[in-house]
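J.: Take this structure, written in structure tokens, and hold onto it; I'll ask about it next.
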Amino acid sequence: MKRRDQFMNVPRQAGKERDSSERIGDFNEYKERFSETEASEQASRCMDCGTPFCHVGETYSQVKIGCPVYNLIPEWNVLVEQGNFQEALERLQETNNFPEFTGRVCPAPCEGSCTLSINEPAVTIKQIERTIIDIGFENGWVQPRIPSVRSQHRIAIVGSGPAGLAAADQLNQAGHHVTVFEREDQVGGLLTYGIPAMKLSKDIVARRVRLLETEGITFKTGVTIGLDVSLDQLEADYDAVILCVGATEPRKIPDAPGQGVGYAMDYLTSVTRQLLTGQSLIDLHDTRGKDVLVIGGGDTGADCVATALRQGCRSVVQFGKHQMPGSTRTADNMWPDTPNLFTLDYGYEEAHVQFGRDPREYLIAIERYTTDEAGRLTGVWTIYNDKIRHADGRVEFQKLPGTEKYYPVDTMLIAIGFSGVEQDVLRHLPVASQNGKIKTMAYATDRPGVFAAGDARRGQSLIVWAIREGREVAEKVEQHLLTVHKQTG
Ligand SMILES: Cc1cc2nc3c(=O)[nH]c(=O)nc-3n(C[C@H](O)[C@H](O)[C@H](O)COP(=O)(O)OP(=O)(O)OC[C@H]3O[C@@H](n4cnc5c(N)ncnc54)[C@H](O)[C@@H]3O)c2cc1C
Ligand code: SF4
């Protein structure tokens, strides 16, 4: 009989992290999985509350609730509490194609919607998820599932990020012949070139790609659809095409100097490429001994901070335009919405250890840049702002006189988000778009038989959303194949 009051006896444990001063010396993962005993103890904190919001996966009037892939969280919590990891794994794999990715880097909206989190620390759902899948791989329970029957249908997927991989997995398991085209030299999208290796080891990504290959999916890397092969050609060669090309067109800062300034994504990509292939870095991407400024207070910026620390930068600061989040929810961010709270993420903790201070500056704006004779960035003059919310809901930033400050800067990395699909990619893929995203109706684009999913459709988002979109677009493609089959057959 499941005890529902264990949260009163067992405190939340977040899982062990490697020591900050040690881990900034390498790019190995900074976090460890739970032991089986720790996972069982932590899972026992789940109240099995009867109306679980953690696995709802919906958005109601801008309130985002629970796990977007509808993970059966309370079910696997009971199994993990009982030490039955193998059955927990089966449940987990029913809803999530790649729990080894989400278990490491998902921001865990499920935990923000955990019923326990109304007045107690949430169940450590993400860390339990990671532990289930890691134990599954360690014990050889994750084996290739090779479809015994194959259809005649051929499907092309453009882009090998989590959306493309999830769609490929679903359609391959349904017995279709799936080919994934990727312009990069490696499969994985932002899982490979984007998310830094200390958060998600590239071996973990490669392990899944090998599994998918063994199961029958064909990967073609170094092929840019729209340039090397046209969309028309793909349409002629395949029964359906799915565009999962991501949304990595960076937002720009038009008045930034031309030298000493780069984009976060380019920086993170080339550091990972160096790790994987040994390819040397351009000067801008080698921050050793440099004063680094990261513009943008989000997670991509945090990844830049952690990367610069590992490269041995002389200093690092991160500017955000918003105010510092509080330690409790605000009236417009109540449970079960994803909480917007102050957290000390891995990179910030490491900066504390290295430089004795949090690198984040809030409500700050650049007034002007200083450069040397060659036009290279040497520093920035800044000013703090006051954020004023007017009665009609308008937000205004007002400069605070007397708060000007100078920061010497050798390298400025822009991490202020993404405006949509890369303009070059859109230019070469003739499908309708809207606000920089591929326009779809129930995942179908304006070209019959051509679908889109993931960030390319919804804008820059999360891995778990990309997986959900990959699963859903696969369903739509199946319906389409059935309709075409009926019409022609
Ligand atoms: C730096 C960074 C860190 C992030 N960290 C996290 C995190 O910690 N947790 C989290 O949940 N989310 C994170 N995200 C967001 C997450 O990575 C994305 O939402 C997710 O990867 C989107 O998946 P996708 O498959 O839609 O696209 P992507 O992963 O962007 O993959 C698109 C792929 O399409 C390929 N492609 C594009 N055009 C073509 C073409 N014409 N021909 C062939 N191939 C093409 C690209 O090369 C790429 O490989 C992060 C994003 C960034 C930028
Ligand atoms: S995928 Fe993300 S939201 Fe879903 S259970 Fe895992 S950590 Fe939570």
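Going through the structure tokens in order, the chains are called A, B, and so on, while each chain numbers its residues from 1 and the ligands are numbered from 1 in the order shown.
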Using only C-alpha atoms and all ligand atoms, find each protein or nucleic acid residue lying at most 6 Å from ligand 1; present the set as a ChimeraX atom specification.
T.: /A:105-106,158-164,181-184,188-191,194-195,223-226,244-247,265,300,425,454-456,460-464,466
J.: Residues at most 8 Å from ligand 2, using only C-alpha atoms and all ligand atoms? Could they come as a list of chain:residue names?
T.: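 Here is the list of contacting residues: A:Cys54, A:His55, A:Gly57, A:Gly66, A:Cys67, A:Pro68, A:Val69, A:Tyr70, A:Asn71, A:Leu72, A:Ile73, A:Asn96, A:Pro99, A:Thr102, A:Gly103, A:Arg104, A:Val105, A:Cys106, A:Pro107, A:Ala108, A:Pro109, A:Cys110, A:Glu111, A:Ile125, A:Lys126, A:Gln127, A:Glu129, A:Val464.
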J.: For the atom pair atom CA of Trp381 of chain A and atom CA of Glu367 of chain A, what is the interatomic distance in Å to one decimal place?
T.: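 Atom-to-atom, atom CA of Trp381 of chain A and atom CA of Glu367 of chain A are spaced 5.4 Å apart.
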J.: Calculated over only C-alpha atoms, which of the candidates A:Gly449, A:Gly320, A:Gly50, A:Gly15 has the smallest distance to Glu478 of chain A?
T.: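 Closest to Glu478 of chain A of all the choices is A:Gly449.
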J.: Using only C-alpha atoms, tabulate the residues of segment 240-358 of chain A lying at most 9 Å from any atom of segment 432-447 of chain A, each with its closest atom pair and that distance in Å to one decimal, by chain and increasing residue number, as a Markdown table.
T.:
```
| residue | atom | partner | partner_atom | distance |
| --- | --- | --- | --- | --- |
| A:Ile242 | CA | A:Ala444 | CA | 8.9 |
| A:Leu243 | CA | A:Ile438 | CA | 8.8 |
| A:Ala247 | CA | A:Lys437 | CA | 7.5 |
| A:Glu249 | CA | A:Gly436 | CA | 8.7 |
```
J.: Using the chain letters and numbers from this document, which residues of segment 24-185 of chain A does DSSP assign to helix (DSSP H, G or I), as an NGL selection string?
T.: :A and (36-43 or 73-81 or 85-95 or 99-105 or 109-112 or 115-118 or 125-138 or 162-173)
J.: What is the atom CA of Leu426 of chain A to atom CA of Leu200 of chain A distance in Å?
T.: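 One can read the atom CA of Leu426 of chain A to atom CA of Leu200 of chain A distance as 28.7 Å.
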J.: Counting only C-alpha atoms, which residues in segment 114-180 of chain A sit no more than 9 Å from segment 11-14 of chain A? For each one, give the nearest pair of atoms and the distance in Å, sorted by chain then residue number, as JSON lines.
T.:
```
{"residue": "A:Pro121", "atom": "CA", "partner": "A:Arg12", "partner_atom": "CA", "distance": 6.4}
{"residue": "A:Ala122", "atom": "CA", "partner": "A:Arg12", "partner_atom": "CA", "distance": 7.4}
{"residue": "A:Val123", "atom": "CA", "partner": "A:Arg12", "partner_atom": "CA", "distance": 6.8}
{"residue": "A:Thr124", "atom": "CA", "partner": "A:Ala14", "partner_atom": "CA", "distance": 6.4}
{"residue": "A:Gln127", "atom": "CA", "partner": "A:Ala14", "partner_atom": "CA", "distance": 7.3}
```
